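S.K.: I am attaching a structure below and will ask some questions about it afterwards.
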Protein chains: 4
Amino acid sequence: MNPIERLTDLFKEFPGIGPRQARRFVQFLLSQQPGFRGDLSEAIKHLGTETAQCKSCLRWYAKGSEHNGLCSICGSSSRDKSILFLVEKDADIENIEQSGFRGLYFVLGGTIPLASEAPEKHVRLREMLKRVEADAAKLQLTEVIVGLSATTEGDHTRLIIQEKLRPISEGLNPVKGSEPHGASFKISSLGRGLSTGSELEYADPDTIASALSSRQ
Amino acid sequence: MNPIERLTDLFKEFPGIGPRQARRFVQFLLSQQPGFRGDLSEAIKHLGTETAQCKSCLRWYAKGSEHNGLCSICGSSSRDKSILFLVEKDADIENIEQSGFRGLYFVLGGTIPLASEAPEKHVRLREMLKRVEADAAKLQLTEVIVGLSATTEGDHTRLIIQEKLRPISEGLNPVKGSEPHGASFKISSLGRGLSTGSELEYADPDTIASALSSRQ
Amino acid sequence: MNPIERLTDLFKEFPGIGPRQARRFVQFLLSQQPGFRGDLSEAIKHLGTETAQCKSCLRWYAKGSEHNGLCSICGSSSRDKSILFLVEKDADIENIEQSGFRGLYFVLGGTIPLASEAPEKHVRLREMLKRVEADAAKLQLTEVIVGLSATTEGDHTRLIIQEKLRPISEGLNPVKGSEPHGASFKISSLGRGLSTGSELEYADPDTIASALSSRQ
Amino acid sequence: MNPIERLTDLFKEFPGIGPRQARRFVQFLLSQQPGFRGDLSEAIKHLGTETAQCKSCLRWYAKGSEHNGLCSICGSSSRDKSILFLVEKDADIENIEQSGFRGLYFVLGGTIPLASEAPEKHVRLREMLKRVEADAAKLQLTEVIVGLSATTEGDHTRLIIQEKLRPISEGLNPVKGSEPHGASFKISSLGRGLSTGSELEYADPDTIASALSSRQ
């Protein structure tokens, strides 16, 4: 295949990029100085070797910014280790950090499609359970927040994860059987209500009911 | 002015209707049978005489559907008279009813623009205070929900109303002075959080913080 | 039915108005002075009696603005009677007038849905043919522009109308048979090309081909 | 700077890509196999060395697909060399080819912003004039189509280019002076009209006037 079409095909794999924009990207690169293409090529080539995935939360961080072999959040001594926030993706963490949350995170890596019969293909279920179990065993965990989007797929994923977490939260070991390990924690989910900018007239009854029950 | 332009001008006063749609409305009416125009003309003419404004919540209802001289909600004996929900407009009530709320309402009639120096021009402040005071005097009020939209103007209106309500909520009479009347109630507002369909990645920090604090 | 619901139902008949906006219209009217409702009611009531449909082009005009018993365009002596522009609706005429066209019009009253087996239910076919035939008989017609939108339904309607016009345009009488009446005219349609604001990158091949063939 | 941020910054340079999508691209790459990143890195690195810019029309093509040292279109013996189509960018050519055009092209490389005082910074003016002059000297040029988008900036660019072309089109040499070179050609632009899907009611008067003058 010719180099223009080959690169167009690679860009078409990018999230949200169709054939037309993939072609525009290639035209853009053709019109740039060779230096820009060189920088981009190097940055992509070294992305894997210059970053590492945090062993604890599984998000990606730049090598050199680690703390005790972990990412800056997991390695920090000032975070509240009793609350674990399960999120869909790395970008959610940046957003949540701005809200003032000071617990720890775990990145699920995706959500589970409604029709899927293999949840573990979309979400790091096994790694998540192992992490939660380890934290529970260390007796430091008091709450796991299943922090998914308020969408149909987010709700579906949340229900599956809550069910998987329940035995551990009650102090049972779901892997090795019903042998109790002595620690229990709460499983919570994000509160529903009016999000900033939403109008009462267009809110659905569920959102209004949530906003009523969480009124203050 | 000619009748087509006169009617176009009247339709242009309708909320959300520009010149083009106003003209389409007139063309639509021209293309209808005289019977349709007659029905519409009569319905508009008699709207005022066949409806009444509920003396208690100030929403409009069809004459003949009143209960004890009030609208069907205010006149019902099965509603919880201890909770009063302040809403912007009649249409909000229909929406809130579907969420299962069973208290009473009061229609403010609008929101207060940020730049306004005369809040009472936009919102039925005086009538609202009188209603709340009367309910408080009857010792039946335990909570007033200031149920406005999560918009900038909604928040602005909510803050003004909460300030006006505070003296009454503490058992003081804001009209006749500081003479206590013996009843106090809570002032609340709707909970914020993720509304149905909203994604964590696009939520603002305030909404996330609210969703965190109302997690369950 | 109660007057609020009755009026809401009537507004729901308006083009482009759903249940929610219909309710907003009623609430808007309830909040207006009785004088506004009275004016609107009267304007709608008298719309039929104060307007007339031009006998020649079938568009609506205000009584009193007629010229020789026709609308201001059909009744004008300065228009070019040799070109007849068939349009979908009255509003199109206002728009076309601004382009400088100085011939005459005929309002078809709609377009023909693709699935329709009764074109005459959607479009004033019989009246149109009668008008064209009369103009052709007076030997004053040289061209009929089938001026419909460049949409699928517009194209479908144009093809049906062009086929109906063809026998008359060749000087044959489609109603009474093949008896020639001695006048022939051209049947034309609006040129395709780039419309203001459209980008070459997003234009479809048909539009580009048209823009090429009508280049100047 | 860390590798994640560095790559995010490079993607932010891409056309139409904001900070959020740039971050999503990096996350996407982090989640891919090293092989994908390697392929992408190589494809970008070699884009410059494996492609060439056609000396005649200045569009980019894959090395190895050239015909007589030119791109497949310029090097083809079956194209009509008497018509030259000036386009903004490479992608326009793919689109125009589907309309059946069989002349030659020249890629201007952009459009001229309204406020610009240095048109040659945005458009390959000098190269274009040289190309047109050479074609005119070879006595093979009969028409130059200035094929820009029907946007404000496209029109502005078209007017500037038409003015630059005029002296050459009249057989004068704009570079060396008024010495005639014996060949003249027509300067044309794409026809305006209703583009596919556009409705008469929303068309501007210019578009309607064009559609009328190019009616057929």
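How things are named: the first chain in the structure tokens is A, the next is B, and so on; residues count from 1 in each chain; ligands count from 1 in the order shown.
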Do you know which residues are at most 10 Å from stretch 111-119 of chain A counting only C-alpha atoms, after dropping those on the same chain fewer than 2 positions away, and could you put them as a PyMOL selection string?
M.R.: chain A and resi 87-89+108-109+121-125+148-149+152-158+160-161
S.K.: Skip D:Phe11 itself and residues of its chain fewer than 6 positions away, then list as a list in words all residues within 10 Å of it, counting only C-alpha atoms.
M.R.: Phe25 and Leu40 of chain A; Glu5, Ile17, Gly18, Pro19, Gln21, Ala22, Arg23, Arg24, Phe25 and Val26 of chain D
S.K.: Take the residues that were just selected and, keeping N, CA and C atoms, output them as a short mmCIF file (atom, residue, chain, number, x, y, z; two decimals), in the first residue's frame.
M.R.:
data_model
loop_
_atom_site.label_atom_id
_atom_site.label_comp_id
_atom_site.auth_asym_id
_atom_site.auth_seq_id
_atom_site.Cartn_x
_atom_site.Cartn_y
_atom_site.Cartn_z
N PHE A 25 -5.45 14.64 8.38
CA PHE A 25 -4.26 14.52 9.23
C PHE A 25 -3.02 14.28 8.36
N LEU A 40 7.15 13.99 16.03
CA LEU A 40 5.96 13.19 16.28
C LEU A 40 6.31 11.70 16.23
N GLU D 5 2.69 14.36 27.97
CA GLU D 5 2.35 15.75 27.66
C GLU D 5 2.95 16.21 26.33
N ILE D 17 -8.20 19.45 16.34
CA ILE D 17 -8.00 18.65 17.55
C ILE D 17 -7.70 19.55 18.76
N GLY D 18 -8.56 19.49 19.77
CA GLY D 18 -8.38 20.26 20.99
C GLY D 18 -7.65 19.45 22.05
N PRO D 19 -7.44 20.05 23.22
CA PRO D 19 -6.68 19.37 24.28
C PRO D 19 -7.31 18.04 24.69
N GLN D 21 -9.26 15.91 22.98
CA GLN D 21 -9.10 14.82 22.03
C GLN D 21 -7.63 14.44 21.89
N ALA D 22 -6.73 15.42 22.03
CA ALA D 22 -5.29 15.11 21.99
C ALA D 22 -4.95 14.12 23.11
N ARG D 23 -5.52 14.35 24.29
CA ARG D 23 -5.27 13.43 25.41
C ARG D 23 -5.84 12.05 25.12
N ARG D 24 -7.04 12.05 24.50
CA ARG D 24 -7.64 10.75 24.17
C ARG D 24 -6.77 9.98 23.19
N PHE D 25 -6.15 10.69 22.23
CA PHE D 25 -5.27 10.03 21.27
C PHE D 25 -4.10 9.37 22.01
N VAL D 26 -3.51 10.09 22.97
CA VAL D 26 -2.37 9.54 23.69
C VAL D 26 -2.80 8.33 24.51
#
S.K.: Return as a VMD selection string the residues belonging to chain B that are within 7 Å of chain A, counting only C-alpha atoms.
M.R.: chain B and resid 91 to 92 95 to 96 98 to 99 148 to 151 188 to 201 205 to 209 211 to 212 214 to 216
S.K.: If I take atom CA of B:Pro15 and atom CA of C:Pro15, how far is one from the other in Å, to one decimal?
M.R.: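 Computing it gives 15.3 Å between the two atoms.
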S.K.: Could you fit chain C onto chain A by least squares over every C-alpha atom, paired in order, and give me the moved chain as a PDB file with C-alpha atoms, in the first residue's frame?
M.R.:
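Result file is part.pdb:
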ATOM      1  CA  MET C   1      -0.097  -0.048   0.028  1.00  0.00           C
ATOM      2  CA  ASN C   2       1.148   3.442  -0.608  1.00  0.00           C
ATOM      3  CA  PRO C   3       2.449   5.468   2.365  1.00  0.00           C
ATOM      4  CA  ILE C   4      -0.366   8.039   2.245  1.00  0.00           C
ATOM      5  CA  GLU C   5      -3.071   5.387   2.390  1.00  0.00           C
ATOM      6  CA  ARG C   6      -1.184   3.365   5.002  1.00  0.00           C
ATOM      7  CA  LEU C   7      -0.936   6.340   7.343  1.00  0.00           C
ATOM      8  CA  THR C   8      -4.578   7.296   6.624  1.00  0.00           C
ATOM      9  CA  ASP C   9      -5.615   3.792   7.674  1.00  0.00           C
ATOM     10  CA  LEU C  10      -3.648   4.052  10.915  1.00  0.00           C
ATOM     11  CA  PHE C  11      -5.256   7.403  11.779  1.00  0.00           C
ATOM     12  CA  LYS C  12      -8.689   5.906  11.048  1.00  0.00           C
ATOM     13  CA  GLU C  13      -8.062   3.637  14.058  1.00  0.00           C
ATOM     14  CA  PHE C  14      -7.913   6.686  16.346  1.00  0.00           C
ATOM     15  CA  PRO C  15     -11.003   7.261  18.525  1.00  0.00           C
ATOM     16  CA  GLY C  16     -13.574   9.470  16.791  1.00  0.00           C
ATOM     17  CA  ILE C  17     -11.584   9.802  13.550  1.00  0.00           C
ATOM     18  CA  GLY C  18     -13.302   8.963  10.262  1.00  0.00           C
ATOM     19  CA  PRO C  19     -11.807   8.615   6.773  1.00  0.00           C
ATOM     20  CA  ARG C  20     -12.111  12.296   5.953  1.00  0.00           C
ATOM     21  CA  GLN C  21     -10.332  13.555   9.039  1.00  0.00           C
ATOM     22  CA  ALA C  22      -7.712  10.806   8.732  1.00  0.00           C
ATOM     23  CA  ARG C  23      -6.914  12.133   5.249  1.00  0.00           C
ATOM     24  CA  ARG C  24      -6.753  15.692   6.585  1.00  0.00           C
ATOM     25  CA  PHE C  25      -4.232  14.546   9.195  1.00  0.00           C
ATOM     26  CA  VAL C  26      -2.014  13.062   6.491  1.00  0.00           C
ATOM     27  CA  GLN C  27      -2.285  16.181   4.347  1.00  0.00           C
ATOM     28  CA  PHE C  28      -1.438  18.252   7.407  1.00  0.00           C
ATOM     29  CA  LEU C  29       1.656  16.126   8.045  1.00  0.00           C
ATOM     30  CA  LEU C  30       2.699  16.353   4.375  1.00  0.00           C
ATOM     31  CA  SER C  31       2.526  20.140   4.616  1.00  0.00           C
ATOM     32  CA  GLN C  32       4.657  20.261   7.785  1.00  0.00           C
ATOM     33  CA  GLN C  33       8.440  20.546   7.978  1.00  0.00           C
ATOM     34  CA  PRO C  34      10.250  17.179   8.186  1.00  0.00           C
ATOM     35  CA  GLY C  35      11.269  18.247  11.721  1.00  0.00           C
ATOM     36  CA  PHE C  36       7.673  18.114  12.961  1.00  0.00           C
ATOM     37  CA  ARG C  37       7.119  14.671  11.491  1.00  0.00           C
ATOM     38  CA  GLY C  38      10.412  13.564  13.035  1.00  0.00           C
ATOM     39  CA  ASP C  39       9.410  14.836  16.484  1.00  0.00           C
ATOM     40  CA  LEU C  40       6.005  13.199  16.245  1.00  0.00           C
ATOM     41  CA  SER C  41       7.464   9.915  15.044  1.00  0.00           C
ATOM     42  CA  GLU C  42       9.982   9.866  17.911  1.00  0.00           C
ATOM     43  CA  ALA C  43       7.362  10.838  20.519  1.00  0.00           C
ATOM     44  CA  ILE C  44       5.114   7.981  19.413  1.00  0.00           C
ATOM     45  CA  LYS C  45       8.003   5.512  19.198  1.00  0.00           C
ATOM     46  CA  HIS C  46       9.229   6.278  22.717  1.00  0.00           C
ATOM     47  CA  LEU C  47       5.799   6.632  24.309  1.00  0.00           C
ATOM     48  CA  GLY C  48       5.900   3.008  25.431  1.00  0.00           C
ATOM     49  CA  THR C  49       9.469   3.048  26.748  1.00  0.00           C
ATOM     50  CA  GLU C  50       9.259   6.413  28.505  1.00  0.00           C
ATOM     51  CA  THR C  51       6.020   5.719  30.308  1.00  0.00           C
ATOM     52  CA  ALA C  52       5.014   3.079  32.784  1.00  0.00           C
ATOM     53  CA  GLN C  53       1.696   1.749  34.002  1.00  0.00           C
ATOM     54  CA  CYS C  54       1.216   2.231  37.723  1.00  0.00           C
ATOM     55  CA  LYS C  55       1.173  -1.217  39.329  1.00  0.00           C
ATOM     56  CA  SER C  56      -1.451  -0.102  41.782  1.00  0.00           C
ATOM     57  CA  CYS C  57      -4.052   1.916  39.824  1.00  0.00           C
ATOM     58  CA  LEU C  58      -3.041   0.857  36.277  1.00  0.00           C
ATOM     59  CA  ARG C  59      -2.975   4.389  34.908  1.00  0.00           C
ATOM     60  CA  TRP C  60      -0.072   5.551  32.753  1.00  0.00           C
ATOM     61  CA  TYR C  61       2.577   7.978  33.979  1.00  0.00           C
ATOM     62  CA  ALA C  62       5.862   9.382  32.715  1.00  0.00           C
ATOM     63  CA  LYS C  63       8.918   7.438  33.886  1.00  0.00           C
ATOM     64  CA  GLY C  64      10.826   9.602  36.325  1.00  0.00           C
ATOM     65  CA  SER C  65       7.702  10.943  38.015  1.00  0.00           C
ATOM     66  CA  GLU C  66       7.165   7.785  40.057  1.00  0.00           C
ATOM     67  CA  HIS C  67       7.069   7.748  43.843  1.00  0.00           C
ATOM     68  CA  ASN C  68       8.166   4.499  45.446  1.00  0.00           C
ATOM     69  CA  GLY C  69       7.614   2.660  42.174  1.00  0.00           C
ATOM     70  CA  LEU C  70       4.072   3.953  41.840  1.00  0.00           C
ATOM     71  CA  CYS C  71       2.368   6.881  40.092  1.00  0.00           C
ATOM     72  CA  SER C  72       2.359  10.240  41.859  1.00  0.00           C
ATOM     73  CA  ILE C  73      -1.076   9.619  43.412  1.00  0.00           C
ATOM     74  CA  CYS C  74      -0.652   5.995  44.529  1.00  0.00           C
ATOM     75  CA  GLY C  75       2.872   6.768  45.759  1.00  0.00           C
ATOM     76  CA  SER C  76       1.874   9.800  47.802  1.00  0.00           C
ATOM     77  CA  SER C  77       1.792   9.447  51.584  1.00  0.00           C
ATOM     78  CA  SER C  78      -0.857  12.136  51.958  1.00  0.00           C
ATOM     79  CA  ARG C  79      -3.741  10.364  50.208  1.00  0.00           C
ATOM     80  CA  ASP C  80      -6.600   8.686  52.062  1.00  0.00           C
ATOM     81  CA  LYS C  81      -5.986   4.947  51.514  1.00  0.00           C
ATOM     82  CA  SER C  82      -9.363   3.945  52.926  1.00  0.00           C
ATOM     83  CA  ILE C  83     -11.399   5.082  49.908  1.00  0.00           C
ATOM     84  CA  LEU C  84     -10.913   3.551  46.452  1.00  0.00           C
ATOM     85  CA  PHE C  85     -12.499   5.247  43.427  1.00  0.00           C
ATOM     86  CA  LEU C  86     -13.006   2.921  40.438  1.00  0.00           C
ATOM     87  CA  VAL C  87     -12.966   4.936  37.187  1.00  0.00           C
ATOM     88  CA  GLU C  88     -13.359   4.097  33.535  1.00  0.00           C
ATOM     89  CA  LYS C  89     -10.235   5.767  32.162  1.00  0.00           C
ATOM     90  CA  ASP C  90      -7.138   7.827  32.941  1.00  0.00           C
ATOM     91  CA  ALA C  91      -8.748  11.087  31.795  1.00  0.00           C
ATOM     92  CA  ASP C  92     -11.482  10.757  34.437  1.00  0.00           C
ATOM     93  CA  ILE C  93      -8.815  10.956  37.161  1.00  0.00           C
ATOM     94  CA  GLU C  94      -7.644  14.408  36.028  1.00  0.00           C
ATOM     95  CA  ASN C  95     -11.237  15.601  36.170  1.00  0.00           C
ATOM     96  CA  ILE C  96     -11.987  14.069  39.567  1.00  0.00           C
ATOM     97  CA  GLU C  97      -8.781  15.479  41.076  1.00  0.00           C
ATOM     98  CA  GLN C  98     -10.157  18.962  40.418  1.00  0.00           C
ATOM     99  CA  SER C  99     -13.206  18.195  42.544  1.00  0.00           C
ATOM    100  CA  GLY C 100     -11.005  17.823  45.623  1.00  0.00           C
ATOM    101  CA  PHE C 101     -11.184  14.021  46.046  1.00  0.00           C
ATOM    102  CA  ARG C 102      -8.145  12.792  48.025  1.00  0.00           C
ATOM    103  CA  GLY C 103      -8.521   9.015  48.111  1.00  0.00           C
ATOM    104  CA  LEU C 104      -7.007   6.479  45.690  1.00  0.00           C
ATOM    105  CA  TYR C 105      -8.055   5.298  42.219  1.00  0.00           C
ATOM    106  CA  PHE C 106      -8.218   2.216  40.057  1.00  0.00           C
ATOM    107  CA  VAL C 107      -8.641   2.463  36.270  1.00  0.00           C
ATOM    108  CA  LEU C 108     -11.059  -0.128  34.890  1.00  0.00           C
ATOM    109  CA  GLY C 109      -9.982   0.586  31.325  1.00  0.00           C
ATOM    110  CA  GLY C 110     -13.479   0.736  29.807  1.00  0.00           C
ATOM    111  CA  THR C 111     -17.139  -0.064  30.265  1.00  0.00           C
ATOM    112  CA  ILE C 112     -19.029  -3.272  29.548  1.00  0.00           C
ATOM    113  CA  PRO C 113     -21.368  -3.172  26.506  1.00  0.00           C
ATOM    114  CA  LEU C 114     -24.926  -4.291  27.224  1.00  0.00           C
ATOM    115  CA  ALA C 115     -24.688  -7.248  24.864  1.00  0.00           C
ATOM    116  CA  SER C 116     -21.292  -8.448  26.029  1.00  0.00           C
ATOM    117  CA  GLU C 117     -21.034 -11.930  27.501  1.00  0.00           C
ATOM    118  CA  ALA C 118     -17.372 -11.504  28.399  1.00  0.00           C
ATOM    119  CA  PRO C 119     -17.129  -8.487  30.739  1.00  0.00           C
ATOM    120  CA  GLU C 120     -13.461  -9.167  31.404  1.00  0.00           C
ATOM    121  CA  LYS C 121     -12.678  -8.359  27.756  1.00  0.00           C
ATOM    122  CA  HIS C 122     -13.753  -4.739  28.275  1.00  0.00           C
ATOM    123  CA  VAL C 123     -12.869  -4.060  31.869  1.00  0.00           C
ATOM    124  CA  ARG C 124      -9.884  -5.116  34.075  1.00  0.00           C
ATOM    125  CA  LEU C 125     -12.148  -7.164  36.330  1.00  0.00           C
ATOM    126  CA  ARG C 126      -9.566  -9.646  37.586  1.00  0.00           C
ATOM    127  CA  GLU C 127      -6.977  -6.974  38.351  1.00  0.00           C
ATOM    128  CA  MET C 128      -9.624  -4.871  40.100  1.00  0.00           C
ATOM    129  CA  LEU C 129     -10.783  -7.723  42.325  1.00  0.00           C
ATOM    130  CA  LYS C 130      -7.177  -8.569  43.215  1.00  0.00           C
ATOM    131  CA  ARG C 131      -6.469  -4.951  44.123  1.00  0.00           C
ATOM    132  CA  VAL C 132      -9.610  -4.585  46.240  1.00  0.00           C
ATOM    133  CA  GLU C 133      -8.934  -7.873  47.985  1.00  0.00           C
ATOM    134  CA  ALA C 134      -5.363  -6.891  48.801  1.00  0.00           C
ATOM    135  CA  ASP C 135      -6.491  -3.530  50.184  1.00  0.00           C
ATOM    136  CA  ALA C 136      -9.247  -5.216  52.192  1.00  0.00           C
ATOM    137  CA  ALA C 137      -6.777  -7.759  53.566  1.00  0.00           C
ATOM    138  CA  LYS C 138      -4.503  -4.932  54.733  1.00  0.00           C
ATOM    139  CA  LEU C 139      -7.580  -3.765  56.709  1.00  0.00           C
ATOM    140  CA  GLN C 140      -7.255  -0.305  55.250  1.00  0.00           C
ATOM    141  CA  LEU C 141     -10.317  -0.202  52.987  1.00  0.00           C
ATOM    142  CA  THR C 142     -13.614   1.259  54.213  1.00  0.00           C
ATOM    143  CA  GLU C 143     -15.283   2.176  50.908  1.00  0.00           C
ATOM    144  CA  VAL C 144     -15.158   1.443  47.181  1.00  0.00           C
ATOM    145  CA  ILE C 145     -16.831   4.064  44.958  1.00  0.00           C
ATOM    146  CA  VAL C 146     -17.959   2.582  41.623  1.00  0.00           C
ATOM    147  CA  GLY C 147     -17.565   5.894  39.806  1.00  0.00           C
ATOM    148  CA  LEU C 148     -19.003   5.356  36.346  1.00  0.00           C
ATOM    149  CA  SER C 149     -20.851   7.692  34.016  1.00  0.00           C
ATOM    150  CA  ALA C 150     -24.624   8.053  34.402  1.00  0.00           C
ATOM    151  CA  THR C 151     -25.176   6.403  31.022  1.00  0.00           C
ATOM    152  CA  THR C 152     -26.903   3.121  30.205  1.00  0.00           C
ATOM    153  CA  GLU C 153     -23.565   1.393  29.641  1.00  0.00           C
ATOM    154  CA  GLY C 154     -22.099   3.007  32.749  1.00  0.00           C
ATOM    155  CA  ASP C 155     -25.025   1.774  34.850  1.00  0.00           C
ATOM    156  CA  HIS C 156     -24.777  -1.710  33.361  1.00  0.00           C
ATOM    157  CA  THR C 157     -21.059  -1.849  34.155  1.00  0.00           C
ATOM    158  CA  ARG C 158     -21.657  -0.529  37.677  1.00  0.00           C
ATOM    159  CA  LEU C 159     -24.206  -3.249  38.441  1.00  0.00           C
ATOM    160  CA  ILE C 160     -21.850  -6.009  37.268  1.00  0.00           C
ATOM    161  CA  ILE C 161     -18.950  -4.601  39.277  1.00  0.00           C
ATOM    162  CA  GLN C 162     -21.041  -4.109  42.409  1.00  0.00           C
ATOM    163  CA  GLU C 163     -22.115  -7.736  42.213  1.00  0.00           C
ATOM    164  CA  LYS C 164     -18.501  -8.918  41.853  1.00  0.00           C
ATOM    165  CA  LEU C 165     -17.460  -6.742  44.810  1.00  0.00           C
ATOM    166  CA  ARG C 166     -20.251  -7.793  47.168  1.00  0.00           C
ATOM    167  CA  PRO C 167     -18.674 -11.054  48.488  1.00  0.00           C
ATOM    168  CA  ILE C 168     -15.357  -9.292  49.222  1.00  0.00           C
ATOM    169  CA  SER C 169     -17.131  -6.344  50.840  1.00  0.00           C
ATOM    170  CA  GLU C 170     -18.780  -8.771  53.269  1.00  0.00           C
ATOM    171  CA  GLY C 171     -15.406 -10.168  54.238  1.00  0.00           C
ATOM    172  CA  LEU C 172     -15.592 -13.290  52.091  1.00  0.00           C
ATOM    173  CA  ASN C 173     -12.927 -14.365  49.659  1.00  0.00           C
ATOM    174  CA  PRO C 174     -14.553 -14.861  46.253  1.00  0.00           C
ATOM    175  CA  VAL C 175     -11.473 -16.529  44.803  1.00  0.00           C
ATOM    176  CA  LYS C 176     -10.460 -19.021  47.430  1.00  0.00           C
ATOM    177  CA  GLY C 177     -13.987 -19.601  48.742  1.00  0.00           C
ATOM    178  CA  SER C 178     -15.891 -18.429  51.763  1.00  0.00           C
ATOM    179  CA  GLU C 179     -12.888 -18.157  54.061  1.00  0.00           C
ATOM    180  CA  PRO C 180     -13.398 -14.833  55.853  1.00  0.00           C
ATOM    181  CA  HIS C 181     -10.512 -12.356  55.893  1.00  0.00           C
ATOM    182  CA  GLY C 182     -11.843 -10.092  58.543  1.00  0.00           C
ATOM    183  CA  ALA C 183     -12.347  -6.794  56.710  1.00  0.00           C
ATOM    184  CA  SER C 184     -15.535  -5.320  55.317  1.00  0.00           C
ATOM    185  CA  PHE C 185     -16.170  -2.139  53.326  1.00  0.00           C
ATOM    186  CA  LYS C 186     -18.994  -0.147  51.843  1.00  0.00           C
ATOM    187  CA  ILE C 187     -19.734  -0.184  48.098  1.00  0.00           C
ATOM    188  CA  SER C 188     -21.043   3.181  46.936  1.00  0.00           C
ATOM    189  CA  SER C 189     -21.911   4.937  43.688  1.00  0.00           C
ATOM    190  CA  LEU C 190     -21.954   8.582  42.695  1.00  0.00           C
ATOM    191  CA  GLY C 191     -25.037  10.610  43.631  1.00  0.00           C
ATOM    192  CA  ARG C 192     -27.488  11.497  40.913  1.00  0.00           C
ATOM    193  CA  GLY C 193     -29.106  14.913  40.701  1.00  0.00           C
ATOM    194  CA  LEU C 194     -29.189  18.034  38.606  1.00  0.00           C
ATOM    195  CA  SER C 195     -25.816  18.472  36.944  1.00  0.00           C
ATOM    196  CA  THR C 196     -24.571  21.989  36.400  1.00  0.00           C
ATOM    197  CA  GLY C 197     -26.548  23.643  33.625  1.00  0.00           C
ATOM    198  CA  SER C 198     -29.491  21.259  33.593  1.00  0.00           C
ATOM    199  CA  GLU C 199     -33.035  22.657  33.657  1.00  0.00           C
ATOM    200  CA  LEU C 200     -35.802  21.250  35.785  1.00  0.00           C
ATOM    201  CA  GLU C 201     -38.261  21.306  32.871  1.00  0.00           C
ATOM    202  CA  TYR C 202     -36.109  18.892  30.867  1.00  0.00           C
ATOM    203  CA  ALA C 203     -34.926  16.658  33.719  1.00  0.00           C
ATOM    204  CA  ASP C 204     -36.197  13.075  33.742  1.00  0.00           C
ATOM    205  CA  PRO C 205     -38.221  11.842  36.748  1.00  0.00           C
ATOM    206  CA  ASP C 206     -35.313   9.680  37.984  1.00  0.00           C
ATOM    207  CA  THR C 207     -32.974  12.661  38.104  1.00  0.00           C
ATOM    208  CA  ILE C 208     -35.602  14.772  39.906  1.00  0.00           C
ATOM    209  CA  ALA C 209     -36.267  11.966  42.385  1.00  0.00           C
ATOM    210  CA  SER C 210     -32.502  11.711  43.051  1.00  0.00           C
ATOM    211  CA  ALA C 211     -32.178  15.475  43.362  1.00  0.00           C
ATOM    212  CA  LEU C 212     -35.034  15.426  45.871  1.00  0.00           C
ATOM    213  CA  SER C 213     -33.598  12.605  47.945  1.00  0.00           C
ATOM    214  CA  SER C 214     -30.163  14.253  48.060  1.00  0.00           C
ATOM    215  CA  ARG C 215     -31.528  17.740  48.774  1.00  0.00           C
ATOM    216  CA  GLN C 216     -29.757  19.623  51.493  1.00  0.00           C
TER     217      GLN C 216
END
